[in-house]
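Visitor: My structure file my_file.txt, compact mmCIF, C-alpha atoms and all ligand atoms, is below:
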```txt
# COMPACT_ATOMS: atom_id res chain seq x y z
CA MET I 145 23.25 -8.35 -4.65
CA ALA I 146 19.78 -9.05 -3.34
CA GLU I 147 16.92 -10.17 -5.50
CA ILE I 148 13.81 -11.17 -3.59
CA ASN I 149 11.17 -13.56 -4.89
CA PHE I 150 7.77 -13.96 -3.34
CA GLU I 151 6.29 -17.20 -4.60
CA SER I 152 2.56 -17.15 -3.77
CA ILE I 153 2.97 -16.02 -0.18
CA SER I 154 -0.01 -16.16 2.14
CA LYS I 155 -0.37 -15.43 5.81
CA ILE I 156 -3.29 -16.67 7.83
CA TYR I 157 -3.61 -15.56 11.44
CA GLY I 158 -5.53 -17.88 13.74
CA GLU I 159 -8.34 -19.78 12.08
CA ASN I 160 -9.20 -17.59 9.13
CA ILE I 161 -7.77 -14.06 9.12
CA LYS I 162 -6.10 -13.94 5.70
CA ALA I 163 -3.71 -11.02 6.16
CA VAL I 164 -1.79 -11.67 2.93
CA ASP I 165 -3.26 -13.62 0.05
CA ASP I 166 -1.23 -15.19 -2.78
CA PHE I 167 1.39 -12.44 -2.95
CA LYS I 168 3.60 -12.89 -6.03
CA LEU I 169 6.42 -10.50 -6.84
CA THR I 170 10.05 -10.39 -7.92
CA ILE I 171 12.02 -7.49 -6.48
CA LYS I 172 15.14 -6.74 -8.48
CA ASP I 173 18.53 -6.08 -6.97
CA LYS I 174 18.90 -2.43 -5.83
CA GLU I 175 15.23 -1.72 -6.45
CA PHE I 176 13.24 0.64 -4.19
CA ILE I 177 9.85 -1.06 -3.73
CA VAL I 178 7.05 0.63 -1.80
CA LEU I 179 4.13 -1.37 -0.43
CA VAL I 180 1.18 0.98 -0.10
CA GLY I 181 -2.45 0.58 0.87
CA PRO I 182 -4.94 1.40 3.62
CA SER I 183 -4.40 0.33 7.21
CA GLY I 184 -4.83 -3.41 7.69
CA CYS I 185 -4.20 -4.39 4.05
CA GLY I 186 -1.26 -6.65 4.91
CA LYS I 187 1.78 -4.44 4.24
CA SER I 188 3.53 -4.92 7.58
CA THR I 189 2.79 -8.61 7.65
CA THR I 190 4.46 -8.98 4.24
CA LEU I 191 7.50 -7.04 5.41
CA ARG I 192 7.72 -9.00 8.65
CA MET I 193 7.69 -12.26 6.71
CA VAL I 194 10.72 -11.07 4.73
CA ALA I 195 12.47 -10.15 7.97
CA GLY I 196 11.64 -13.50 9.54
CA LEU I 197 9.59 -11.95 12.33
CA GLU I 198 6.43 -13.65 11.12
CA GLU I 199 6.01 -17.22 9.99
CA ILE I 200 4.93 -17.78 6.37
CA SER I 201 1.67 -19.79 6.17
CA THR I 202 2.05 -20.94 2.55
CA GLY I 203 4.43 -20.13 -0.30
CA LYS I 204 8.12 -19.36 -0.37
CA ILE I 205 10.31 -16.29 -0.04
CA LEU I 206 13.70 -16.49 -1.75
CA ILE I 207 16.55 -14.07 -1.26
CA ASP I 208 19.16 -14.40 -4.00
CA GLY I 209 17.67 -17.73 -5.00
CA LYS I 210 17.78 -19.19 -1.49
CA VAL I 211 14.58 -20.13 0.33
CA VAL I 212 14.54 -18.23 3.63
CA ASN I 213 11.25 -19.52 5.07
CA ASN I 214 12.99 -21.32 7.91
CA MET I 215 16.03 -19.12 8.19
CA HIS I 216 16.56 -17.19 11.44
CA PRO I 217 16.15 -13.40 11.09
CA LYS I 218 19.80 -12.91 12.03
CA GLU I 219 20.98 -15.07 9.15
CA ARG I 220 19.02 -13.20 6.48
CA ASP I 221 21.37 -10.22 6.26
CA ILE I 222 18.48 -7.81 6.48
CA ALA I 223 18.05 -4.60 8.48
CA MET I 224 14.72 -3.20 9.53
CA VAL I 225 13.78 0.34 10.56
CA PHE I 226 10.53 0.69 12.51
CA GLN I 227 8.26 3.67 12.95
CA ASN I 228 8.95 3.91 16.69
CA TYR I 229 12.74 3.86 16.06
CA ALA I 230 13.30 1.21 18.79
CA LEU I 231 16.43 2.92 20.14
CA TYR I 232 17.95 1.94 23.48
CA PRO I 233 17.17 4.95 25.70
CA HIS I 234 20.05 4.42 28.15
CA MET I 235 22.70 4.24 25.43
CA SER I 236 24.33 7.13 23.58
CA VAL I 237 23.89 7.60 19.85
CA TYR I 238 27.34 6.06 19.38
CA GLU I 239 26.48 3.01 21.50
CA ASN I 240 23.13 2.58 19.80
CA MET I 241 24.81 2.40 16.41
CA ALA I 242 27.70 0.26 17.63
CA PHE I 243 25.52 -2.23 19.50
CA GLY I 244 24.84 -4.69 16.67
CA LEU I 245 28.50 -4.95 15.72
CA LYS I 246 29.55 -5.27 19.36
CA MET I 247 27.18 -8.22 19.80
CA ARG I 248 28.77 -9.79 16.72
CA LYS I 249 32.19 -9.31 18.36
CA PHE I 250 33.63 -6.99 15.76
CA PRO I 251 37.01 -5.49 16.78
CA LYS I 252 36.68 -2.15 18.60
CA LYS I 253 38.68 -0.27 15.99
CA GLU I 254 36.53 -1.50 13.14
CA ILE I 255 33.35 -0.61 15.04
CA ASP I 256 34.69 2.86 15.70
CA SER I 257 35.53 3.50 12.08
CA LYS I 258 32.15 2.20 10.84
CA VAL I 259 30.17 4.26 13.37
CA LYS I 260 32.08 7.36 12.34
CA ASP I 261 31.55 6.70 8.62
CA VAL I 262 27.81 6.23 9.05
CA ALA I 263 27.53 9.22 11.40
CA LYS I 264 29.18 11.34 8.74
CA ILE I 265 26.76 10.22 6.02
CA LEU I 266 23.77 10.90 8.26
CA GLU I 267 25.18 14.11 9.77
CA LEU I 268 25.12 12.76 13.29
CA GLU I 269 28.78 13.42 14.14
CA SER I 270 28.02 16.24 16.56
CA VAL I 271 25.46 14.27 18.60
CA LEU I 272 27.28 10.92 19.03
CA LYS I 273 27.53 11.35 22.81
CA ARG I 274 23.89 12.29 23.34
CA LYS I 275 21.11 9.99 24.53
CA PRO I 276 18.05 9.50 22.28
CA ARG I 277 15.89 11.74 24.53
CA GLU I 278 18.24 14.64 23.78
CA LEU I 279 17.62 14.40 20.03
CA SER I 280 14.99 15.80 17.69
CA GLY I 281 12.54 13.44 15.96
CA GLY I 282 14.49 13.65 12.72
CA GLN I 283 17.79 12.90 14.44
CA ARG I 284 16.30 9.88 16.22
CA GLN I 285 15.05 8.59 12.90
CA ARG I 286 18.53 9.02 11.44
CA VAL I 287 20.07 7.10 14.35
CA ALA I 288 17.62 4.26 13.68
CA MET I 289 18.69 4.28 10.03
CA GLY I 290 22.34 4.49 11.02
CA ARG I 291 21.98 1.46 13.21
CA ALA I 292 20.50 -0.42 10.25
CA MET I 293 23.14 0.81 7.81
CA ILE I 294 26.15 -0.05 9.89
CA ARG I 295 26.15 -3.71 8.98
CA SER I 296 25.82 -3.01 5.23
CA PRO I 297 22.85 -5.37 4.95
CA LYS I 298 21.70 -6.87 1.66
CA VAL I 299 18.15 -5.60 2.14
CA PHE I 300 16.63 -2.63 3.96
CA LEU I 301 13.12 -2.96 5.30
CA MET I 302 11.32 0.15 6.48
CA ASP I 303 7.93 0.08 8.16
CA GLU I 304 6.30 3.54 8.13
CA PRO I 305 9.61 5.09 9.23
CA LEU I 306 8.38 8.68 8.91
CA SER I 307 4.91 8.51 10.38
CA ASN I 308 5.94 9.94 13.77
CA LEU I 309 7.44 13.07 12.26
CA ASP I 310 5.71 16.36 11.57
CA ALA I 311 4.83 17.24 7.96
CA LYS I 312 7.86 19.39 7.19
CA LEU I 313 10.37 16.96 8.65
CA ARG I 314 8.69 14.10 6.83
CA VAL I 315 9.35 15.74 3.48
CA GLN I 316 12.96 16.42 4.48
CA MET I 317 13.54 12.83 5.63
CA ARG I 318 11.90 11.53 2.46
CA VAL I 319 14.60 13.26 0.44
CA GLU I 320 17.26 11.85 2.79
CA ILE I 321 15.94 8.32 2.35
CA ALA I 322 15.94 8.71 -1.44
CA ASN I 323 19.55 9.93 -1.31
CA LEU I 324 20.49 7.12 1.03
CA HIS I 325 19.14 4.57 -1.40
CA LYS I 326 21.13 6.10 -4.26
CA ARG I 327 24.24 6.05 -2.16
CA LEU I 328 23.91 2.56 -0.69
CA GLN I 329 22.75 0.83 -3.88
CA THR I 330 20.83 -1.72 -1.81
CA THR I 331 17.40 -3.28 -2.21
CA PHE I 332 14.79 -1.35 -0.20
CA ILE I 333 11.28 -2.46 0.75
CA TYR I 334 9.34 0.41 2.26
CA VAL I 335 5.87 0.24 3.80
CA THR I 336 3.58 3.25 3.99
CA HIS I 337 -0.11 4.16 3.87
CA ASP I 338 0.83 7.53 2.40
CA GLN I 339 0.46 7.52 -1.37
CA VAL I 340 2.59 10.66 -1.75
CA GLU I 341 5.52 8.91 -0.07
CA ALA I 342 4.97 5.95 -2.37
CA MET I 343 4.87 8.10 -5.51
CA THR I 344 7.99 10.08 -4.62
CA LEU I 345 10.24 7.27 -3.34
CA ALA I 346 9.44 4.15 -5.33
CA ASP I 347 11.02 2.64 -8.40
CA ARG I 348 7.92 0.45 -8.36
CA ILE I 349 4.83 0.63 -6.20
CA VAL I 350 2.83 -2.36 -4.98
CA VAL I 351 -0.74 -1.28 -4.17
CA MET I 352 -2.47 -3.65 -1.75
CA ASN I 353 -6.00 -4.01 -0.45
CA ASN I 354 -7.44 -6.74 1.79
CA GLY I 355 -4.18 -8.71 1.61
CA ILE I 356 -4.29 -8.83 -2.18
CA ILE I 357 -1.98 -7.08 -4.65
CA GLN I 358 -4.08 -4.68 -6.74
CA GLN I 359 -1.34 -3.46 -9.07
CA VAL I 360 2.44 -3.36 -9.41
CA GLY I 361 4.02 -0.64 -11.50
CA THR I 362 6.15 2.47 -11.69
CA PRO I 363 4.60 5.58 -10.12
CA ASN I 364 3.68 6.86 -13.59
CA GLU I 365 2.07 3.58 -14.65
CA ILE I 366 0.03 3.45 -11.47
CA TYR I 367 -1.06 7.08 -11.74
CA GLU I 368 -1.80 7.12 -15.46
CA SER I 369 -3.11 3.60 -15.98
CA PRO I 370 -4.73 2.37 -12.78
CA ARG I 371 -5.83 -1.25 -13.17
CA ASN I 372 -9.00 -0.83 -11.18
CA ILE I 373 -11.15 1.74 -9.39
CA PHE I 374 -9.51 1.01 -6.02
CA VAL I 375 -6.05 1.98 -7.33
CA ALA I 376 -7.43 5.00 -9.22
CA ASN I 377 -9.07 6.22 -6.03
CA PHE I 378 -6.18 5.51 -3.68
CA ILE I 379 -3.42 7.19 -5.71
CA GLY I 380 -3.42 10.90 -6.54
CA THR I 381 -4.14 14.21 -4.81
CA PRO I 382 -6.78 15.47 -5.19
CA GLN I 383 -8.66 12.23 -5.64
CA ILE I 384 -9.58 11.18 -9.14
CA ASN I 385 -13.09 12.19 -10.32
CA LEU I 386 -15.25 9.09 -10.84
CA ILE I 387 -18.44 9.51 -12.84
CA ASN I 388 -20.77 6.73 -13.94
CA GLY I 389 -22.08 6.59 -17.48
CA ARG I 390 -23.37 4.47 -20.34
CA VAL I 391 -21.51 3.70 -23.55
CA THR I 392 -23.19 4.76 -26.81
CA ASN I 393 -21.92 4.63 -30.38
CA SER I 394 -19.81 7.74 -30.32
CA TYR I 395 -19.71 9.00 -26.75
CA ILE I 396 -20.22 8.06 -23.12
CA LEU I 397 -23.43 9.48 -21.72
CA LEU I 398 -22.48 10.51 -18.18
CA GLU I 399 -24.99 10.35 -15.33
CA ASN I 400 -25.39 14.14 -15.37
CA GLY I 401 -26.39 14.07 -19.06
CA TYR I 402 -23.00 15.19 -20.39
CA GLN I 403 -21.91 13.55 -23.62
CA LEU I 404 -18.23 12.70 -23.25
CA PRO I 405 -16.70 12.01 -26.66
CA VAL I 406 -14.63 8.83 -26.87
CA SER I 407 -11.05 9.09 -28.13
CA GLU I 408 -9.95 7.13 -31.18
CA GLU I 409 -7.81 4.84 -28.99
CA SER I 410 -10.67 3.91 -26.67
CA ARG I 411 -13.26 3.39 -29.38
CA LYS I 412 -12.23 -0.17 -30.19
CA GLU I 413 -12.04 -1.27 -26.59
CA LEU I 414 -15.49 0.14 -25.92
CA GLU I 415 -17.19 -1.69 -28.76
CA ALA I 416 -17.93 -4.62 -26.49
CA TYR I 417 -19.44 -2.23 -23.93
CA LEU I 418 -22.12 -0.68 -26.12
CA ASN I 419 -25.12 0.24 -23.93
CA LYS I 420 -23.30 -1.01 -20.83
CA GLU I 421 -22.57 0.88 -17.65
CA VAL I 422 -19.03 2.15 -17.05
CA THR I 423 -17.26 4.37 -14.55
CA VAL I 424 -15.08 7.10 -16.01
CA GLY I 425 -12.01 8.25 -14.06
CA ILE I 426 -10.89 11.78 -14.82
CA ARG I 427 -7.89 13.31 -13.04
CA SER I 428 -8.30 16.90 -11.88
CA GLU I 429 -5.66 18.14 -14.36
CA GLN I 430 -7.69 16.69 -17.24
CA ILE I 431 -10.57 19.04 -16.45
CA GLU I 432 -10.14 22.63 -17.52
CA LEU I 433 -12.53 25.43 -16.69
CA ILE I 434 -13.21 27.61 -19.72
CA ASP I 435 -15.48 30.51 -20.51
CA LYS I 436 -19.06 29.57 -21.22
CA THR I 437 -19.62 28.34 -24.77
CA ASP I 438 -22.91 28.42 -26.62
CA LYS I 439 -22.75 24.76 -27.63
CA ASP I 440 -26.16 23.20 -27.01
CA ASP I 441 -24.91 20.03 -25.37
CA SER I 442 -22.49 21.61 -22.91
CA ILE I 443 -23.46 21.51 -19.26
CA LEU I 444 -22.49 24.60 -17.36
CA CYS I 445 -20.66 24.47 -14.05
CA LYS I 446 -20.79 26.47 -10.88
CA ILE I 447 -17.94 26.74 -8.40
CA ASN I 448 -18.79 25.18 -5.02
CA MET I 449 -15.46 25.75 -3.32
CA ILE I 450 -11.89 26.80 -4.06
CA GLU I 451 -9.01 25.18 -2.19
CA ASN I 452 -5.86 27.24 -2.46
CA VAL I 453 -2.74 25.09 -2.11
CA GLY I 454 -0.24 27.70 -3.26
CA PHE I 455 1.01 27.22 -6.80
CA GLU I 456 -2.34 25.79 -7.87
CA LYS I 457 -5.94 25.73 -6.74
CA TYR I 458 -8.35 22.81 -6.51
CA VAL I 459 -11.70 24.02 -7.76
CA TYR I 460 -14.73 21.99 -6.61
CA LEU I 461 -17.46 22.27 -9.21
CA ASP I 462 -21.12 21.45 -9.49
CA PHE I 463 -21.14 19.73 -12.87
CA GLY I 464 -24.85 19.17 -13.51
CA GLY I 465 -25.40 17.68 -10.07
CA VAL I 466 -22.11 15.75 -9.92
CA GLU I 467 -19.22 17.23 -7.93
CA VAL I 468 -15.89 17.24 -9.76
CA ILE I 469 -12.51 18.75 -8.91
CA SER I 470 -10.50 20.71 -11.45
CA ARG I 471 -6.86 21.69 -10.98
CA HIS I 472 -6.45 25.36 -11.73
CA ILE I 473 -3.04 26.87 -12.50
CA GLY I 474 -4.19 29.88 -14.47
CA GLY I 475 -6.56 30.73 -17.27
CA VAL I 476 -10.07 31.89 -16.53
CA LYS I 477 -10.78 34.17 -13.60
CA LEU I 478 -12.42 32.25 -10.75
CA ASP I 479 -15.70 33.69 -9.58
CA TYR I 480 -18.46 31.97 -7.58
CA LYS I 481 -21.11 33.94 -9.46
CA ILE I 482 -20.05 32.93 -12.99
CA LEU I 483 -21.14 29.84 -14.92
CA TYR I 484 -18.36 28.02 -16.80
CA SER I 485 -17.97 25.33 -19.43
CA LEU I 486 -15.66 22.37 -18.95
CA LYS I 487 -13.03 21.02 -21.31
CA ILE I 488 -12.20 17.39 -20.59
CA ASP I 489 -9.05 15.85 -22.06
CA ASN I 490 -10.54 12.55 -23.15
CA THR I 491 -7.24 11.06 -24.34
CA LYS I 492 -6.04 10.42 -20.79
CA ILE I 493 -9.18 9.37 -18.97
CA SER I 494 -9.58 5.88 -17.48
CA ILE I 495 -12.67 3.82 -18.19
CA PHE I 496 -13.69 1.02 -15.84
CA ASP I 497 -16.27 -1.72 -16.04
CA LYS I 498 -18.79 -0.45 -13.48
CA GLU I 499 -19.60 -3.92 -12.25
CA THR I 500 -16.11 -5.41 -11.81
CA GLY I 501 -14.24 -2.15 -11.25
CA TYR I 502 -11.51 -3.26 -13.67
CA SER I 503 -10.04 -1.00 -16.33
CA ILE I 504 -11.22 -1.50 -19.90
CA SER I 505 -9.13 1.18 -21.58
P1 LIG C 601 -1.00 -3.03 7.45
O1 LIG C 601 0.47 -3.08 7.71
O2 LIG C 601 -1.29 -2.91 6.00
O3 LIG C 601 -1.71 -1.99 8.26
P2 LIG C 601 -1.06 -5.61 8.77
O4 LIG C 601 -0.13 -6.43 7.96
O5 LIG C 601 -0.55 -5.05 10.06
O6 LIG C 601 -1.65 -4.43 7.87
O7 LIG C 601 -2.37 -6.44 9.09
C1 LIG C 601 -3.08 -7.15 8.10
C2 LIG C 601 -4.27 -7.86 8.75
O8 LIG C 601 -3.83 -8.89 9.63
C3 LIG C 601 -5.17 -6.97 9.58
O9 LIG C 601 -6.49 -7.37 9.39
C4 LIG C 601 -4.71 -7.21 10.98
O10 LIG C 601 -5.75 -6.98 11.89
C5 LIG C 601 -4.32 -8.66 10.93
N1 LIG C 601 -3.24 -8.98 11.90
C6 LIG C 601 -2.00 -8.43 11.94
N2 LIG C 601 -1.26 -8.97 12.90
C7 LIG C 601 -2.04 -9.92 13.50
C8 LIG C 601 -1.84 -10.84 14.58
N3 LIG C 601 -0.68 -10.93 15.22
N4 LIG C 601 -2.87 -11.65 14.89
C9 LIG C 601 -4.04 -11.60 14.23
N5 LIG C 601 -4.29 -10.76 13.22
C10 LIG C 601 -3.31 -9.93 12.84
```
What's the structure tokens form of this structure?
Guide:
Amino acid sequence: MAEINFESISKIYGENIKAVDDFKLTIKDKEFIVLVGPSGCGKSTTLRMVAGLEEISTGKILIDGKVVNNMHPKERDIAMVFQNYALYPHMSVYENMAFGLKMRKFPKKEIDSKVKDVAKILELESVLKRKPRELSGGQRQRVAMGRAMIRSPKVFLMDEPLSNLDAKLRVQMRVEIANLHKRLQTTFIYVTHDQVEAMTLADRIVVMNNGIIQQVGTPNEIYESPRNIFVANFIGTPQINLINGRVTNSYILLENGYQLPVSEESRKELEAYLNKEVTVGIRSEQIELIDKTDKDDSILCKINMIENVGFEKYVYLDFGGVEVISRHIGGVKLDYKILYSLKIDNTKISIFDKETGYSIS
């Protein structure tokens, strides 16, 4: 059991560097939470405050209802995996994993059985005698996780654990971490700047910027209903298309002159925005390239570039002077010389107040 409560946590370094600002969150037992955001947004600082490696400036952190602000890291029953693995180079894999239990004076037999159990789970049985330098990057990462797992901690903290691995191994280890979480049934807090890792691993994602939580939600909630332009922009590959426009009675007049009809659902919310400026967020899969239509008001598009990523293609379009990206899985033939029409699925678009950046639909 490990529920974690952050009660208005802030961290101020020195005189006035506010690394984390009024962070409020309840993490449920067994939940996989991912803190994501650009470099310097306060993710690691938040994690380190949970671990007890960083003092909390104001607010309280509770683990299972107990305030841990002044509790020594060792007493928190937490294990942390860092991006540089922090293995002891002179010790074997076995000794690295056994070290924590040895320090805690566990009986030799018990240590041996635990090391072997964990090695089996992580498929490290055949390398137990090797030194870290004789391992691949993925194996080293697994030893670091094994060392954390061996004590069966209440909470796992991971700070960019995969960022030193190459792309292929990163995907493989991502799957291993997801399986590990299923198997261990423990609360995980995972820090990354990589939104794909966040989307694929998290039960809930916490998007941060400048020390402030921007949104908390499931990957689908964050992707489909971003609370502000920052979140819309940060999450999703390719990046969301953002086009400014002005609200009229029955459509949004986009900056390129295109009249984007407003869905029934959005109509009510937009009443208050009549004649005001908004920013429309359209995901690439909501834009479909179709054969040219003869409709008077349609703006024709020209292909600027095609990015082939295998199963699908990202098509960069000149949409009346605004560049947009459309996700292409099939349908019309792609040709740089042809002019196309666009079909925009207006039921799933996001509309933001241009001034505040906050969602209004
Ligand atoms: P992230 O993990 O999201 O990259 P950090 O939590 O490491 O961000 O840092 C958040 C902010 O706090 C940054 O502006 C960083 O420069 C600052 N910071 C981090 N550690 C210290 C420190 N020990 N002293 C002063 N400023 C720090």
Visitor: Would you tabulate, counting all atoms listed in the file, all residues of chain I that have an atom at most 6 Å from an atom of ligand LIG 601 (chain C), showing the closest pair of atoms and their distance in Å to one decimal, sorted by chain then ascending number, as JSON lines?
Guide:
```
{"residue": "I:Tyr157", "atom": "CA", "partner": "C:LIG601", "partner_atom": "C9", "distance": 4.9}
{"residue": "I:Ala163", "atom": "CA", "partner": "C:LIG601", "partner_atom": "O8", "distance": 4.1}
{"residue": "I:Ser183", "atom": "CA", "partner": "C:LIG601", "partner_atom": "O3", "distance": 3.7}
{"residue": "I:Gly184", "atom": "CA", "partner": "C:LIG601", "partner_atom": "O6", "distance": 3.3}
{"residue": "I:Cys185", "atom": "CA", "partner": "C:LIG601", "partner_atom": "O2", "distance": 3.8}
{"residue": "I:Gly186", "atom": "CA", "partner": "C:LIG601", "partner_atom": "O4", "distance": 3.3}
{"residue": "I:Lys187", "atom": "CA", "partner": "C:LIG601", "partner_atom": "O2", "distance": 3.9}
{"residue": "I:Ser188", "atom": "CA", "partner": "C:LIG601", "partner_atom": "O1", "distance": 3.6}
{"residue": "I:Thr189", "atom": "CA", "partner": "C:LIG601", "partner_atom": "O4", "distance": 3.7}
```
Visitor: Go ahead and save the picked residues with C-alpha atoms, as a PDB file, in the frame of the given file.
Guide:
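Final output, saved to out26.pdb:
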```
ATOM      1  CA  TYR I 157      -3.610 -15.560  11.440  1.00  0.00           C
ATOM      2  CA  ALA I 163      -3.710 -11.020   6.160  1.00  0.00           C
ATOM      3  CA  SER I 183      -4.400   0.330   7.210  1.00  0.00           C
ATOM      4  CA  GLY I 184      -4.830  -3.410   7.690  1.00  0.00           C
ATOM      5  CA  CYS I 185      -4.200  -4.390   4.050  1.00  0.00           C
ATOM      6  CA  GLY I 186      -1.260  -6.650   4.910  1.00  0.00           C
ATOM      7  CA  LYS I 187       1.780  -4.440   4.240  1.00  0.00           C
ATOM      8  CA  SER I 188       3.530  -4.920   7.580  1.00  0.00           C
ATOM      9  CA  THR I 189       2.790  -8.610   7.650  1.00  0.00           C
TER      10      THR I 189
END
```
Visitor: May I ask which of the residues I:Gln403, I:Gln339, I:Thr491, I:Asn214 is the closest one to Asn377 (chain I), counting all atoms listed in the file?
Guide: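 Going through I:Gln403, I:Gln339, I:Thr491, I:Asn214 one by one, the smallest distance to Asn377 (chain I) is for I:Gln339.
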Visitor: Measuring between only C-alpha atoms, which one of I:Asp435, I:Gly401, I:Ile493, I:Glu198 shows the shortest distance to Ala376 (chain I)?
Guide: I:Ile493
Visitor: Using all atoms listed in the file for the distances, tell me which of I:Phe463, I:Arg295, I:Leu345, I:Leu483 is nearest to Val315 (chain I).
Guide: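 Result for the nearest residue to Val315 (chain I): I:Leu345.
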Visitor: Might I get the box with edges along x, y and z of the file that holds all atoms of region 401-413 of chain I listed there, padded by 5 Å on every side, given as centre and edge lengths in Å to one decimal, as JSON?
Guide:
```
{"center_x": -17.1, "center_y": 7.0, "center_z": -25.1, "size_x": 28.6, "size_y": 26.5, "size_z": 22.1}
```
Visitor: Could you give me, as a list in words, the residues within 10 Å of Glu408 (chain I), counting only C-alpha atoms and dropping anything in the same chain fewer than 2 positions from it?
Guide: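 What passes the distance filter is Ser394, Pro405, Val406, Ser410, Arg411, Lys412, Glu413, Asn490 and Thr491 of chain I.
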Visitor: Can I get the selected residues back with C-alpha atoms, as a tab-separated table (two decimals), keeping the file's coordinate frame?
Guide:
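Final file, again-v3.tsv:
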```
chain	number	residue	atom	x	y	z
I	394	SER	CA	-19.81	7.74	-30.32
I	405	PRO	CA	-16.70	12.01	-26.66
I	406	VAL	CA	-14.63	8.83	-26.87
I	410	SER	CA	-10.67	3.91	-26.67
I	411	ARG	CA	-13.26	3.39	-29.38
I	412	LYS	CA	-12.23	-0.17	-30.19
I	413	GLU	CA	-12.04	-1.27	-26.59
I	490	ASN	CA	-10.54	12.55	-23.15
I	491	THR	CA	-7.24	11.06	-24.34
```
Visitor: Could you jot down the CA of Ile450 (chain I) to CA of Leu313 (chain I) separation for me, Å, one decimal place?
Guide: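 Computed distance, CA of Ile450 (chain I) to CA of Leu313 (chain I), equals 27.5 Å.
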Visitor: Given only C-alpha atoms as the basis, pick out the residue of I:Leu268, I:Ile447, I:Phe176, I:Arg284 nearest to Ile321 (chain I).
Guide: I:Phe176
Visitor: Quick one, how far is CA of Glu151 (chain I) from CA of Asn364 (chain I)?
Guide: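 Calculated distance between CA of Glu151 (chain I) and CA of Asn364 (chain I) is 25.8 Å.
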Visitor: Would you list the contacts of Glu499 (chain I) as a list in words, taking every protein, DNA or RNA residue within 10 Å and counting all atoms listed in the file, but skipping same-chain residues closer than 3 positions in sequence?
Guide: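 Using all atoms listed in the file, the neighbours found are Lys420, Glu421, Val422, Thr423, Phe496 and Tyr502 of chain I.
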Visitor: Could I see region 181-193 of chain I restored to N, CA and C atoms, set down as an mmCIF file, keeping the file's coordinate frame?
Guide:
```
data_model
loop_
_atom_site.group_PDB
_atom_site.id
_atom_site.type_symbol
_atom_site.label_atom_id
_atom_site.label_comp_id
_atom_site.auth_asym_id
_atom_site.auth_seq_id
_atom_site.Cartn_x
_atom_site.Cartn_y
_atom_site.Cartn_z
ATOM 1 N N GLY I 181 -1.052 0.998 0.791
ATOM 2 C CA GLY I 181 -2.450 0.580 0.870
ATOM 3 C C GLY I 181 -3.012 1.037 2.199
ATOM 4 N N PRO I 182 -4.328 0.935 2.374
ATOM 5 C CA PRO I 182 -4.940 1.400 3.620
ATOM 6 C C PRO I 182 -4.519 0.535 4.803
ATOM 7 N N SER I 183 -4.747 1.046 5.994
ATOM 8 C CA SER I 183 -4.400 0.330 7.210
ATOM 9 C C SER I 183 -5.046 -1.058 7.210
ATOM 10 N N GLY I 184 -4.287 -2.064 7.579
ATOM 11 C CA GLY I 184 -4.830 -3.410 7.690
ATOM 12 C C GLY I 184 -4.816 -4.210 6.397
ATOM 13 N N CYS I 185 -4.164 -3.687 5.346
ATOM 14 C CA CYS I 185 -4.200 -4.390 4.050
ATOM 15 C C CYS I 185 -3.117 -5.450 3.914
ATOM 16 N N GLY I 186 -2.242 -5.568 4.926
ATOM 17 C CA GLY I 186 -1.260 -6.650 4.910
ATOM 18 C C GLY I 186 0.168 -6.234 4.588
ATOM 19 N N LYS I 187 0.438 -4.928 4.581
ATOM 20 C CA LYS I 187 1.780 -4.440 4.240
ATOM 21 C C LYS I 187 2.827 -4.889 5.262
ATOM 22 N N SER I 188 2.545 -4.592 6.539
ATOM 23 C CA SER I 188 3.530 -4.920 7.580
ATOM 24 C C SER I 188 3.742 -6.408 7.682
ATOM 25 N N THR I 189 2.667 -7.152 7.558
ATOM 26 C CA THR I 189 2.790 -8.610 7.650
ATOM 27 C C THR I 189 3.726 -9.117 6.549
ATOM 28 N N THR I 190 3.578 -8.574 5.346
ATOM 29 C CA THR I 190 4.460 -8.980 4.240
ATOM 30 C C THR I 190 5.908 -8.673 4.571
ATOM 31 N N LEU I 191 6.135 -7.459 5.074
ATOM 32 C CA LEU I 191 7.500 -7.040 5.410
ATOM 33 C C LEU I 191 8.084 -7.921 6.517
ATOM 34 N N ARG I 192 7.245 -8.203 7.506
ATOM 35 C CA ARG I 192 7.720 -9.000 8.650
ATOM 36 C C ARG I 192 8.037 -10.437 8.229
ATOM 37 N N MET I 193 7.362 -10.917 7.200
ATOM 38 C CA MET I 193 7.690 -12.260 6.710
ATOM 39 C C MET I 193 9.057 -12.269 6.023
#
```
